[in-house]
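Encoded as structure tokens, the structure appears first; notes follow it.
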Amino acid sequence: MAFIQFEHITKRFGRNTVLDDINLDVEKGKLVTLLGPSGCGKSTLLRCLAGLENPDGGRIILDGEDITNRQPSERKVSMVFQQYSLFPNMNVFDNIAFGLKIQKIPQKQLRTMVEEMMAMVELQGKEHALPRHLSGGQQQRVALARSLVTRPKVLLLDEPLSAIDAKLRKSLQHRIQQIQRELNITCVFVTHDQDEAILMSDIIHLMNQGTVEQSGAPIELYTSPKTSFAASFIGNYNVLDGAAFAKLVGEPAKPNDVAIRPETINLTLEAPQMQPDAYVLSGEIMEFSPHGNVIRYTVRVGEQDIHADALFRSFKLFQTGQKVYAIVEKRNCLPVM
Ligand code: ADP
Ligand code: MG
């Protein structure tokens, strides 16, 4: 049996159904991510697990127990928020120790537990500092330590890194992953950032308008999206409806949409050999833009614009207006719903 089970969870705010019959399992010791655009219901689902919202229907089982109607404090889950929510007048040590004091843990044991946790989040020497004297990244590590020190069954993280600048975010992503593995703690992580989700997760649940659109390992979601929504949210696929795709490749129309990942499209200047298992399309470069180490070209084929990604190698750049051939293997044209 899964460690956490969401069974038919429904949640409404007034007439707005924000969670629509969610069924979802989380295995023990895994880092599982709820990914999806803003407003799709990620935080609400997490808050139902924490007991900060009550679902209108369904049950939540944690470690074999129905916790649907338990008080938040009786659930043994702990939550880290985007806004660190530290106690401003308490120093780092007291912030981290707070939950243990409530549990009336003896002083000596408490000190050992807090120090252990401070080492784990690399905040040694900061015990007397007040939150306002710490950077955002350090404050978030205090929040993380404060949540972990009580040894919850599940750690919930709601966009914990969204307010932290890009470079520091990378190192914190790595740190959270390391801690998760070291403690073997079950984590439910929320983000709207596909790269962060792919990097960090054992399993991703992609959400869309209060439902789970697709679940799977990051590579699986990336390479095998089942729906147009999944294809456009993860992997930046070109998504064409059946008629547009048929026109593009000169074949009879299919009923489903077709998704093509930009990096599976190869651009060349010279006419390539005809290949039975690939489409060769002639087009024109409309524009291009650098995305880190990749250049994304917009290529017009007939009336259709498609994106093609190429590694940013200076010896092979195309110019706007150039006629090119776009080659895409048929197996990389994925039917999606
Ligand atoms: P996400 O975390 O994916 O951005 P949320 O779970 O916060 O999305 O919100 C899902 C939907 O529920 C949104 O349309 C939001 O406006 C609505 N919502 C969330 N909390 C409340 C609330 N307390 N009252 C009314 N509507 C809410
Ligand atoms: Mg949210």
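By convention here, the chains of the structure tokens are called A, B, ... in the order presented, each chain's residues are numbered starting at 1, and ligands are numbered starting at 1 in the order presented.
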Hey, which residues come within 10 Å of ligand 1 if we count only C-alpha atoms and all ligand atoms? Could you give them as a PDB file with N, CA and C atoms, in the first residue's frame?
```pdb
ATOM      1  N   LYS A  11     -12.374  19.560  -3.945  1.00  0.00           N
ATOM      2  CA  LYS A  11     -12.401  20.774  -3.143  1.00  0.00           C
ATOM      3  C   LYS A  11     -13.014  21.901  -3.952  1.00  0.00           C
ATOM      4  N   ARG A  12     -13.976  22.569  -3.344  1.00  0.00           N
ATOM      5  CA  ARG A  12     -14.607  23.711  -4.012  1.00  0.00           C
ATOM      6  C   ARG A  12     -14.413  24.955  -3.172  1.00  0.00           C
ATOM      7  N   PHE A  13     -14.228  26.085  -3.833  1.00  0.00           N
ATOM      8  CA  PHE A  13     -14.344  27.384  -3.179  1.00  0.00           C
ATOM      9  C   PHE A  13     -15.550  28.053  -3.829  1.00  0.00           C
ATOM     10  N   GLY A  14     -16.646  28.139  -3.115  1.00  0.00           N
ATOM     11  CA  GLY A  14     -17.882  28.640  -3.719  1.00  0.00           C
ATOM     12  C   GLY A  14     -18.285  27.717  -4.856  1.00  0.00           C
ATOM     13  N   ARG A  15     -18.455  28.277  -6.047  1.00  0.00           N
ATOM     14  CA  ARG A  15     -18.853  27.447  -7.194  1.00  0.00           C
ATOM     15  C   ARG A  15     -17.647  26.958  -7.998  1.00  0.00           C
ATOM     16  N   ASN A  16     -16.465  27.338  -7.522  1.00  0.00           N
ATOM     17  CA  ASN A  16     -15.243  27.009  -8.242  1.00  0.00           C
ATOM     18  C   ASN A  16     -14.682  25.664  -7.752  1.00  0.00           C
ATOM     19  N   THR A  17     -14.742  24.631  -8.594  1.00  0.00           N
ATOM     20  CA  THR A  17     -14.170  23.340  -8.212  1.00  0.00           C
ATOM     21  C   THR A  17     -12.671  23.372  -8.512  1.00  0.00           C
ATOM     22  N   VAL A  18     -11.848  23.431  -7.467  1.00  0.00           N
ATOM     23  CA  VAL A  18     -10.407  23.595  -7.711  1.00  0.00           C
ATOM     24  C   VAL A  18      -9.661  22.268  -7.643  1.00  0.00           C
ATOM     25  N   LEU A  19     -10.261  21.249  -6.994  1.00  0.00           N
ATOM     26  CA  LEU A  19      -9.724  19.889  -7.070  1.00  0.00           C
ATOM     27  C   LEU A  19     -10.879  18.983  -7.465  1.00  0.00           C
ATOM     28  N   LEU A  34       4.286  17.994  -7.351  1.00  0.00           N
ATOM     29  CA  LEU A  34       3.069  18.466  -8.024  1.00  0.00           C
ATOM     30  C   LEU A  34       3.499  19.639  -8.895  1.00  0.00           C
ATOM     31  N   LEU A  35       3.388  19.446 -10.203  1.00  0.00           N
ATOM     32  CA  LEU A  35       3.828  20.453 -11.165  1.00  0.00           C
ATOM     33  C   LEU A  35       2.610  20.938 -11.941  1.00  0.00           C
ATOM     34  N   GLY A  36       2.593  22.230 -12.236  1.00  0.00           N
ATOM     35  CA  GLY A  36       1.491  22.721 -13.057  1.00  0.00           C
ATOM     36  C   GLY A  36       1.451  24.237 -13.026  1.00  0.00           C
ATOM     37  N   PRO A  37       0.679  24.824 -13.922  1.00  0.00           N
ATOM     38  CA  PRO A  37       0.625  26.286 -13.996  1.00  0.00           C
ATOM     39  C   PRO A  37      -0.049  26.874 -12.759  1.00  0.00           C
ATOM     40  N   SER A  38       0.172  28.140 -12.551  1.00  0.00           N
ATOM     41  CA  SER A  38      -0.416  28.856 -11.426  1.00  0.00           C
ATOM     42  C   SER A  38      -1.940  28.691 -11.445  1.00  0.00           C
ATOM     43  N   GLY A  39      -2.514  28.375 -10.289  1.00  0.00           N
ATOM     44  CA  GLY A  39      -3.967  28.270 -10.181  1.00  0.00           C
ATOM     45  C   GLY A  39      -4.534  26.893 -10.459  1.00  0.00           C
ATOM     46  N   CYS A  40      -3.681  25.893 -10.746  1.00  0.00           N
ATOM     47  CA  CYS A  40      -4.197  24.567 -11.117  1.00  0.00           C
ATOM     48  C   CYS A  40      -4.588  23.723  -9.896  1.00  0.00           C
ATOM     49  N   GLY A  41      -4.244  24.200  -8.684  1.00  0.00           N
ATOM     50  CA  GLY A  41      -4.685  23.482  -7.482  1.00  0.00           C
ATOM     51  C   GLY A  41      -3.572  22.809  -6.681  1.00  0.00           C
ATOM     52  N   LYS A  42      -2.313  23.065  -7.033  1.00  0.00           N
ATOM     53  CA  LYS A  42      -1.182  22.414  -6.348  1.00  0.00           C
ATOM     54  C   LYS A  42      -1.180  22.712  -4.848  1.00  0.00           C
ATOM     55  N   SER A  43      -1.239  24.007  -4.507  1.00  0.00           N
ATOM     56  CA  SER A  43      -1.172  24.384  -3.088  1.00  0.00           C
ATOM     57  C   SER A  43      -2.380  23.865  -2.335  1.00  0.00           C
ATOM     58  N   THR A  44      -3.532  23.912  -2.969  1.00  0.00           N
ATOM     59  CA  THR A  44      -4.744  23.446  -2.294  1.00  0.00           C
ATOM     60  C   THR A  44      -4.624  21.958  -1.957  1.00  0.00           C
ATOM     61  N   LEU A  45      -4.096  21.166  -2.876  1.00  0.00           N
ATOM     62  CA  LEU A  45      -3.930  19.736  -2.605  1.00  0.00           C
ATOM     63  C   LEU A  45      -2.937  19.518  -1.463  1.00  0.00           C
ATOM     64  N   LEU A  46      -1.856  20.279  -1.480  1.00  0.00           N
ATOM     65  CA  LEU A  46      -0.848  20.174  -0.422  1.00  0.00           C
ATOM     66  C   LEU A  46      -1.449  20.585   0.928  1.00  0.00           C
ATOM     67  N   ARG A  47      -2.259  21.644   0.894  1.00  0.00           N
ATOM     68  CA  ARG A  47      -2.865  22.145   2.132  1.00  0.00           C
ATOM     69  C   ARG A  47      -3.915  21.158   2.670  1.00  0.00           C
ATOM     70  N   CYS A  48      -4.557  20.410   1.781  1.00  0.00           N
ATOM     71  CA  CYS A  48      -5.475  19.354   2.238  1.00  0.00           C
ATOM     72  C   CYS A  48      -4.690  18.280   2.989  1.00  0.00           C
ATOM     73  N   GLU A  53      -6.630  22.918   4.742  1.00  0.00           N
ATOM     74  CA  GLU A  53      -7.916  22.993   4.038  1.00  0.00           C
ATOM     75  C   GLU A  53      -8.628  21.667   4.266  1.00  0.00           C
ATOM     76  N   ASP A 158       6.060  24.010  -0.492  1.00  0.00           N
ATOM     77  CA  ASP A 158       5.232  24.727  -1.458  1.00  0.00           C
ATOM     78  C   ASP A 158       6.038  25.841  -2.121  1.00  0.00           C
ATOM     79  N   GLU A 159       6.542  25.584  -3.294  1.00  0.00           N
ATOM     80  CA  GLU A 159       7.365  26.539  -4.050  1.00  0.00           C
ATOM     81  C   GLU A 159       8.445  27.160  -3.152  1.00  0.00           C
ATOM     82  N   VAL A 190       6.076  21.204  -4.381  1.00  0.00           N
ATOM     83  CA  VAL A 190       5.216  21.900  -5.348  1.00  0.00           C
ATOM     84  C   VAL A 190       6.034  22.920  -6.124  1.00  0.00           C
ATOM     85  N   THR A 191       5.914  22.908  -7.431  1.00  0.00           N
ATOM     86  CA  THR A 191       6.556  23.937  -8.248  1.00  0.00           C
ATOM     87  C   THR A 191       5.782  24.137  -9.548  1.00  0.00           C
ATOM     88  N   HIS A 192       5.961  25.335 -10.159  1.00  0.00           N
ATOM     89  CA  HIS A 192       5.387  25.560 -11.484  1.00  0.00           C
ATOM     90  C   HIS A 192       6.501  25.494 -12.532  1.00  0.00           C
ATOM     91  N   MET A 207      -0.332  18.602 -13.025  1.00  0.00           N
ATOM     92  CA  MET A 207      -1.726  18.993 -12.772  1.00  0.00           C
ATOM     93  C   MET A 207      -2.193  20.048 -13.761  1.00  0.00           C
ATOM     94  N   ASN A 208      -3.490  19.996 -14.054  1.00  0.00           N
ATOM     95  CA  ASN A 208      -4.106  20.951 -14.960  1.00  0.00           C
ATOM     96  C   ASN A 208      -5.540  21.161 -14.515  1.00  0.00           C
ATOM     97  N   GLN A 209      -5.884  22.381 -14.115  1.00  0.00           N
ATOM     98  CA  GLN A 209      -7.257  22.733 -13.734  1.00  0.00           C
ATOM     99  C   GLN A 209      -7.903  21.738 -12.782  1.00  0.00           C
ATOM    100  N   GLY A 210      -7.213  21.455 -11.688  1.00  0.00           N
ATOM    101  CA  GLY A 210      -7.803  20.640 -10.640  1.00  0.00           C
ATOM    102  C   GLY A 210      -7.802  19.149 -10.879  1.00  0.00           C
TER     103      GLY A 210
END
```
If we count only C-alpha atoms and set the cut-off at 9 Å, which residues sit around A:Ala129, ignoring sequence neighbours fewer than 5 positions away in its own chain? Please answer as a PyMOL selection string. chain A and resi 90-93+134
Applying 7 Å and only C-alpha atoms, which residues near stretch 285-294 of chain A remain after dropping the ones on its own chain fewer than 3 positions away? List them as a PyMOL selection string. chain A and resi 297-300+309-312+319-323
Write the residues you've just listed into a file as a CSV table (one decimal), in the first residue's frame, and include all heavy atoms for each of them.
```
chain,number,residue,atom,x,y,z
A,297,TYR,N,15.1,28.2,-33.2
A,297,TYR,CA,14.8,28.7,-34.5
A,297,TYR,C,13.3,28.6,-34.7
A,297,TYR,O,12.7,27.6,-34.4
A,297,TYR,CB,15.5,28.0,-35.7
A,297,TYR,CG,17.0,28.2,-35.7
A,297,TYR,CD1,17.8,27.3,-35.1
A,297,TYR,CD2,17.5,29.4,-36.2
A,297,TYR,CE1,19.2,27.5,-35.1
A,297,TYR,CE2,18.9,29.6,-36.3
A,297,TYR,CZ,19.7,28.6,-35.7
A,297,TYR,OH,21.1,28.8,-35.7
A,298,THR,N,12.7,29.6,-35.3
A,298,THR,CA,11.3,29.5,-35.8
A,298,THR,C,11.4,29.3,-37.3
A,298,THR,O,11.9,30.2,-38.0
A,298,THR,CB,10.5,30.8,-35.5
A,298,THR,OG1,10.5,31.0,-34.0
A,298,THR,CG2,9.0,30.6,-35.9
A,299,VAL,N,10.9,28.2,-37.7
A,299,VAL,CA,11.0,27.9,-39.2
A,299,VAL,C,9.5,27.8,-39.7
A,299,VAL,O,8.7,27.2,-39.2
A,299,VAL,CB,11.6,26.5,-39.3
A,299,VAL,CG1,11.8,26.2,-40.8
A,299,VAL,CG2,12.9,26.4,-38.6
A,300,ARG,N,9.3,28.5,-40.8
A,300,ARG,CA,8.0,28.5,-41.5
A,300,ARG,C,8.0,27.5,-42.6
A,300,ARG,O,8.8,27.5,-43.5
A,300,ARG,CB,7.6,29.9,-42.0
A,300,ARG,CG,6.2,29.9,-42.6
A,300,ARG,CD,5.6,31.3,-42.7
A,300,ARG,NE,5.5,31.9,-41.4
A,300,ARG,CZ,5.2,33.1,-41.2
A,300,ARG,NH1,5.1,34.0,-42.2
A,300,ARG,NH2,5.0,33.6,-39.9
A,309,ASP,N,15.3,23.4,-32.1
A,309,ASP,CA,16.4,23.7,-31.3
A,309,ASP,C,17.7,23.2,-31.8
A,309,ASP,O,17.8,22.0,-32.2
A,309,ASP,CB,16.2,23.2,-29.8
A,309,ASP,CG,15.1,24.0,-29.1
A,309,ASP,OD1,14.6,25.0,-29.7
A,309,ASP,OD2,14.7,23.7,-28.0
A,310,ALA,N,18.7,24.0,-31.8
A,310,ALA,CA,20.1,23.5,-32.1
A,310,ALA,C,21.0,23.9,-31.0
A,310,ALA,O,20.9,25.0,-30.5
A,310,ALA,CB,20.5,24.1,-33.5
A,311,LEU,N,22.0,23.0,-30.8
A,311,LEU,CA,23.1,23.4,-29.8
A,311,LEU,C,23.7,24.7,-30.3
A,311,LEU,O,24.0,24.8,-31.5
A,311,LEU,CB,24.1,22.3,-29.7
A,311,LEU,CG,23.9,21.3,-28.5
A,311,LEU,CD1,25.0,20.3,-28.5
A,311,LEU,CD2,23.7,22.1,-27.2
A,312,PHE,N,24.0,25.6,-29.4
A,312,PHE,CA,24.6,26.9,-29.7
A,312,PHE,C,26.1,26.7,-30.1
A,312,PHE,O,27.0,26.9,-29.2
A,312,PHE,CB,24.4,27.8,-28.5
A,312,PHE,CG,24.6,29.2,-28.8
A,312,PHE,CD1,24.1,30.2,-27.9
A,312,PHE,CD2,25.1,29.7,-29.9
A,312,PHE,CE1,24.2,31.5,-28.1
A,312,PHE,CE2,25.3,31.1,-30.2
A,312,PHE,CZ,24.8,32.0,-29.2
A,319,GLN,N,20.6,32.2,-40.6
A,319,GLN,CA,20.2,33.6,-40.5
A,319,GLN,C,18.7,33.7,-40.9
A,319,GLN,O,18.2,32.8,-41.6
A,319,GLN,CB,21.0,34.4,-41.6
A,319,GLN,CG,22.5,34.4,-41.3
A,319,GLN,CD,22.9,34.8,-39.9
A,319,GLN,OE1,22.2,35.8,-39.4
A,319,GLN,NE2,23.8,34.2,-39.3
A,320,THR,N,18.1,34.7,-40.4
A,320,THR,CA,16.7,35.0,-40.8
A,320,THR,C,16.6,35.1,-42.3
A,320,THR,O,17.4,35.7,-42.9
A,320,THR,CB,16.2,36.3,-40.1
A,320,THR,OG1,16.4,36.2,-38.7
A,320,THR,CG2,14.7,36.6,-40.4
A,321,GLY,N,15.5,34.5,-42.9
A,321,GLY,CA,15.3,34.5,-44.3
A,321,GLY,C,16.0,33.4,-45.1
A,321,GLY,O,15.7,33.2,-46.2
A,322,GLN,N,16.9,32.7,-44.4
A,322,GLN,CA,17.5,31.6,-45.1
A,322,GLN,C,16.6,30.4,-45.4
A,322,GLN,O,15.7,30.1,-44.5
A,322,GLN,CB,18.7,31.0,-44.3
A,322,GLN,CG,20.1,31.4,-44.9
A,322,GLN,CD,21.2,30.9,-44.0
A,322,GLN,OE1,21.1,30.7,-42.8
A,322,GLN,NE2,22.4,30.7,-44.6
A,323,LYS,N,16.7,29.8,-46.5
A,323,LYS,CA,15.9,28.6,-46.8
A,323,LYS,C,16.6,27.4,-46.2
A,323,LYS,O,17.9,27.2,-46.4
A,323,LYS,CB,15.9,28.4,-48.4
A,323,LYS,CG,15.3,29.5,-49.1
A,323,LYS,CD,13.8,29.6,-49.0
A,323,LYS,CE,13.2,30.7,-49.9
A,323,LYS,NZ,12.1,31.4,-49.3
```
Please list as a PDB file with all heavy atoms, in the first residue's frame every residue within 7 Å of A:Val280, counting only C-alpha atoms and excluding residues in the same chain fewer than 3 positions away.
```
ATOM      1  N   TYR A 325      16.198  23.033 -44.797  1.00  0.00           N
ATOM      2  CA  TYR A 325      15.445  21.786 -44.728  1.00  0.00           C
ATOM      3  C   TYR A 325      15.322  21.386 -43.258  1.00  0.00           C
ATOM      4  O   TYR A 325      16.309  21.445 -42.514  1.00  0.00           O
ATOM      5  CB  TYR A 325      16.142  20.688 -45.533  1.00  0.00           C
ATOM      6  CG  TYR A 325      16.155  20.997 -47.014  1.00  0.00           C
ATOM      7  CD1 TYR A 325      17.228  21.675 -47.590  1.00  0.00           C
ATOM      8  CD2 TYR A 325      15.077  20.630 -47.818  1.00  0.00           C
ATOM      9  CE1 TYR A 325      17.235  21.986 -48.937  1.00  0.00           C
ATOM     10  CE2 TYR A 325      15.074  20.945 -49.173  1.00  0.00           C
ATOM     11  CZ  TYR A 325      16.142  21.625 -49.724  1.00  0.00           C
ATOM     12  OH  TYR A 325      16.136  21.933 -51.052  1.00  0.00           O
ATOM     13  N   ALA A 326      14.134  21.018 -42.871  1.00  0.00           N
ATOM     14  CA  ALA A 326      13.899  20.517 -41.507  1.00  0.00           C
ATOM     15  C   ALA A 326      13.631  19.022 -41.606  1.00  0.00           C
ATOM     16  O   ALA A 326      12.733  18.601 -42.338  1.00  0.00           O
ATOM     17  CB  ALA A 326      12.707  21.236 -40.884  1.00  0.00           C
ATOM     18  N   ILE A 327      14.463  18.257 -40.917  1.00  0.00           N
ATOM     19  CA  ILE A 327      14.336  16.798 -40.995  1.00  0.00           C
ATOM     20  C   ILE A 327      13.875  16.291 -39.631  1.00  0.00           C
ATOM     21  O   ILE A 327      14.482  16.612 -38.610  1.00  0.00           O
ATOM     22  CB  ILE A 327      15.692  16.147 -41.330  1.00  0.00           C
ATOM     23  CG1 ILE A 327      16.246  16.783 -42.610  1.00  0.00           C
ATOM     24  CG2 ILE A 327      15.571  14.639 -41.482  1.00  0.00           C
ATOM     25  CD1 ILE A 327      17.747  16.760 -42.685  1.00  0.00           C
ATOM     26  N   VAL A 328      12.791  15.530 -39.646  1.00  0.00           N
ATOM     27  CA  VAL A 328      12.317  14.971 -38.372  1.00  0.00           C
ATOM     28  C   VAL A 328      11.931  13.505 -38.577  1.00  0.00           C
ATOM     29  O   VAL A 328      11.207  13.164 -39.518  1.00  0.00           O
ATOM     30  CB  VAL A 328      11.165  15.816 -37.768  1.00  0.00           C
ATOM     31  CG1 VAL A 328      10.057  16.034 -38.768  1.00  0.00           C
ATOM     32  CG2 VAL A 328      10.627  15.192 -36.497  1.00  0.00           C
TER      33      VAL A 328
END
```
Taking into account only C-alpha atoms and all ligand atoms, which residue in the set A:Phe6, A:Lys28, A:Leu155, A:Phe81 is nearest to ligand 2? A:Phe81
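For A:Phe87, the non-local neighbours within 9 Å, defined as residues at least 4 positions apart in the same chain or in other chains and counting only C-alpha atoms, are Asn91, Asp94, Asn95, Leu130 and Pro131 of chain A.
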Residue subset to file, keeping C-alpha atoms, as a PDB file, in the first residue's frame:
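The resulting file, selection30.pdb, is shown below:
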```pdb
ATOM      1  CA  ASN A  91      17.273  33.695  16.616  1.00  0.00           C
ATOM      2  CA  ASP A  94      15.109  29.177  18.751  1.00  0.00           C
ATOM      3  CA  ASN A  95      13.346  29.175  15.397  1.00  0.00           C
ATOM      4  CA  LEU A 130      18.123  36.904  13.747  1.00  0.00           C
ATOM      5  CA  PRO A 131      16.253  36.118  10.505  1.00  0.00           C
TER       6      PRO A 131
END
```
Members of stretch 44-252 of chain A assigned strand (DSSP E) by DSSP, as number ranges by chain: A: 57-62, 65-66, 77-80, 154-158, 186-191, 203-208, 211-216, 238-240
Using only C-alpha atoms and all ligand atoms, the residue out of A:Gln214, A:Ser78, A:Gln273, A:Ser162 with shortest distance to ligand 2 is A:Ser162
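Atom CA of A:Val149 is found 21.9 Å from atom CA of A:Thr33.
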Name all residues at most 9 Å from A:Thr223 (count only C-alpha atoms; drop same-chain ones fewer than 4 positions away) and give them as a list in words. Pro218, Ile219, Ala231, Gly235 and Arg261 of chain A
Written file, previous selection with C-alpha atoms, as a short mmCIF file (atom, residue, chain, number, x, y, z; two decimals), in the first residue's frame:
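Below you can see selection_18.cif, which holds the result:
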```cif
data_model
loop_
_atom_site.label_atom_id
_atom_site.label_comp_id
_atom_site.auth_asym_id
_atom_site.auth_seq_id
_atom_site.Cartn_x
_atom_site.Cartn_y
_atom_site.Cartn_z
CA PRO A 218 10.64 12.87 -15.18
CA ILE A 219 12.18 11.25 -18.28
CA ALA A 231 3.57 18.23 -24.35
CA GLY A 235 9.64 19.83 -23.07
CA ARG A 261 10.10 18.12 -29.52
#
```
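Using only C-alpha atoms, the nearest neighbour of A:Gln5 within the list A:Leu49, A:Ile61, A:Leu31, A:Leu123 is A:Ile61.
The environment of A:Lys226 within 10 Å, counting only C-alpha atoms and disregarding residues fewer than 4 places along the same chain, consists of Glu213, Gln214, Ser215, Leu221, Ala230, Ala231, Ala259, Leu334, Pro335, Val336 and Met337 of chain A.
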Among stretch 37-135 of chain A, which ones does DSSP place in helix (DSSP H, G or I), written as a ChimeraX atom specification? /A:42-50,72-74,92-102,107-120,131-133
Dump as a compact mmCIF listing (two decimals), in the first residue's frame, selection limited to N, CA and C atoms:
```
# COMPACT_ATOMS: atom_id res chain seq x y z
N LYS A 42 -2.31 23.06 -7.03
CA LYS A 42 -1.18 22.41 -6.35
C LYS A 42 -1.18 22.71 -4.85
N SER A 43 -1.24 24.01 -4.51
CA SER A 43 -1.17 24.38 -3.09
C SER A 43 -2.38 23.86 -2.33
N THR A 44 -3.53 23.91 -2.97
CA THR A 44 -4.74 23.45 -2.29
C THR A 44 -4.62 21.96 -1.96
N LEU A 45 -4.10 21.17 -2.88
CA LEU A 45 -3.93 19.74 -2.60
C LEU A 45 -2.94 19.52 -1.46
N LEU A 46 -1.86 20.28 -1.48
CA LEU A 46 -0.85 20.17 -0.42
C LEU A 46 -1.45 20.59 0.93
N ARG A 47 -2.26 21.64 0.89
CA ARG A 47 -2.86 22.15 2.13
C ARG A 47 -3.92 21.16 2.67
N CYS A 48 -4.56 20.41 1.78
CA CYS A 48 -5.47 19.35 2.24
C CYS A 48 -4.69 18.28 2.99
N LEU A 49 -3.50 17.97 2.50
CA LEU A 49 -2.66 16.96 3.16
C LEU A 49 -2.17 17.46 4.52
N ALA A 50 -1.88 18.77 4.57
CA ALA A 50 -1.39 19.35 5.83
C ALA A 50 -2.52 19.59 6.82
N PRO A 72 -4.31 19.61 12.00
CA PRO A 72 -2.97 19.71 11.39
C PRO A 72 -1.86 19.21 12.33
N SER A 73 -1.96 19.57 13.61
CA SER A 73 -0.89 19.22 14.55
C SER A 73 -0.83 17.72 14.84
N GLU A 74 -1.89 17.01 14.47
CA GLU A 74 -1.90 15.56 14.75
C GLU A 74 -1.55 14.72 13.53
N VAL A 92 18.15 32.00 15.14
CA VAL A 92 18.10 30.78 14.32
C VAL A 92 17.86 29.55 15.20
N PHE A 93 18.61 29.47 16.30
CA PHE A 93 18.47 28.30 17.18
C PHE A 93 17.03 28.16 17.67
N ASP A 94 16.46 29.25 18.17
CA ASP A 94 15.11 29.18 18.75
C ASP A 94 14.05 28.92 17.69
N ASN A 95 14.27 29.48 16.49
CA ASN A 95 13.35 29.17 15.40
C ASN A 95 13.32 27.67 15.12
N ILE A 96 14.51 27.08 15.04
CA ILE A 96 14.57 25.65 14.72
C ILE A 96 14.03 24.81 15.88
N ALA A 97 14.29 25.30 17.11
CA ALA A 97 13.92 24.51 18.30
C ALA A 97 12.43 24.60 18.63
N PHE A 98 11.73 25.52 17.97
CA PHE A 98 10.36 25.84 18.37
C PHE A 98 9.46 24.60 18.53
N GLY A 99 9.42 23.77 17.50
CA GLY A 99 8.55 22.59 17.51
C GLY A 99 8.93 21.60 18.60
N LEU A 100 10.23 21.51 18.88
CA LEU A 100 10.71 20.58 19.90
C LEU A 100 10.31 21.06 21.29
N LYS A 101 10.33 22.40 21.48
CA LYS A 101 9.94 22.97 22.78
C LYS A 101 8.47 22.66 23.06
N ILE A 102 7.64 22.79 22.00
CA ILE A 102 6.22 22.48 22.16
C ILE A 102 6.04 21.02 22.56
N GLN A 107 16.01 19.55 27.43
CA GLN A 107 16.94 20.55 26.94
C GLN A 107 18.16 19.96 26.21
N LYS A 108 18.77 18.95 26.82
CA LYS A 108 20.03 18.43 26.27
C LYS A 108 19.80 17.75 24.92
N GLN A 109 18.75 16.96 24.88
CA GLN A 109 18.39 16.25 23.65
C GLN A 109 18.00 17.25 22.56
N LEU A 110 17.27 18.31 22.99
CA LEU A 110 16.84 19.35 22.07
C LEU A 110 18.06 20.01 21.41
N ARG A 111 19.06 20.33 22.24
CA ARG A 111 20.26 20.98 21.71
C ARG A 111 20.94 20.09 20.67
N THR A 112 21.06 18.81 20.98
CA THR A 112 21.69 17.87 20.03
C THR A 112 20.92 17.83 18.72
N MET A 113 19.59 17.76 18.83
CA MET A 113 18.77 17.64 17.62
C MET A 113 18.88 18.91 16.76
N VAL A 114 18.85 20.07 17.42
CA VAL A 114 18.93 21.33 16.67
C VAL A 114 20.30 21.46 16.01
N GLU A 115 21.36 21.11 16.75
CA GLU A 115 22.71 21.23 16.19
C GLU A 115 22.91 20.30 14.99
N GLU A 116 22.37 19.11 15.12
CA GLU A 116 22.45 18.14 14.02
C GLU A 116 21.80 18.72 12.76
N MET A 117 20.64 19.32 12.98
CA MET A 117 19.88 19.87 11.86
C MET A 117 20.57 21.09 11.26
N MET A 118 21.19 21.90 12.13
CA MET A 118 21.92 23.08 11.63
C MET A 118 23.09 22.66 10.76
N ALA A 119 23.72 21.56 11.13
CA ALA A 119 24.82 21.06 10.31
C ALA A 119 24.30 20.57 8.97
N MET A 120 23.17 19.91 9.02
CA MET A 120 22.61 19.35 7.79
C MET A 120 22.26 20.44 6.77
N PRO A 131 16.60 36.33 11.92
CA PRO A 131 16.25 36.12 10.50
C PRO A 131 16.59 37.30 9.60
N ARG A 132 16.35 38.54 10.11
CA ARG A 132 16.55 39.70 9.21
C ARG A 132 18.02 39.90 8.85
N HIS A 133 18.92 39.25 9.57
CA HIS A 133 20.34 39.35 9.24
C HIS A 133 20.81 38.23 8.32
```
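What separates atom CA of A:Ala2 from atom CA of A:Asp195 is a distance of 26.4 Å.
The smallest atom-to-atom distance between A:Leu199 and any of A:Ser171, A:Asn69, A:Ser85, A:Thr186, using only C-alpha atoms, is found for A:Ser171.
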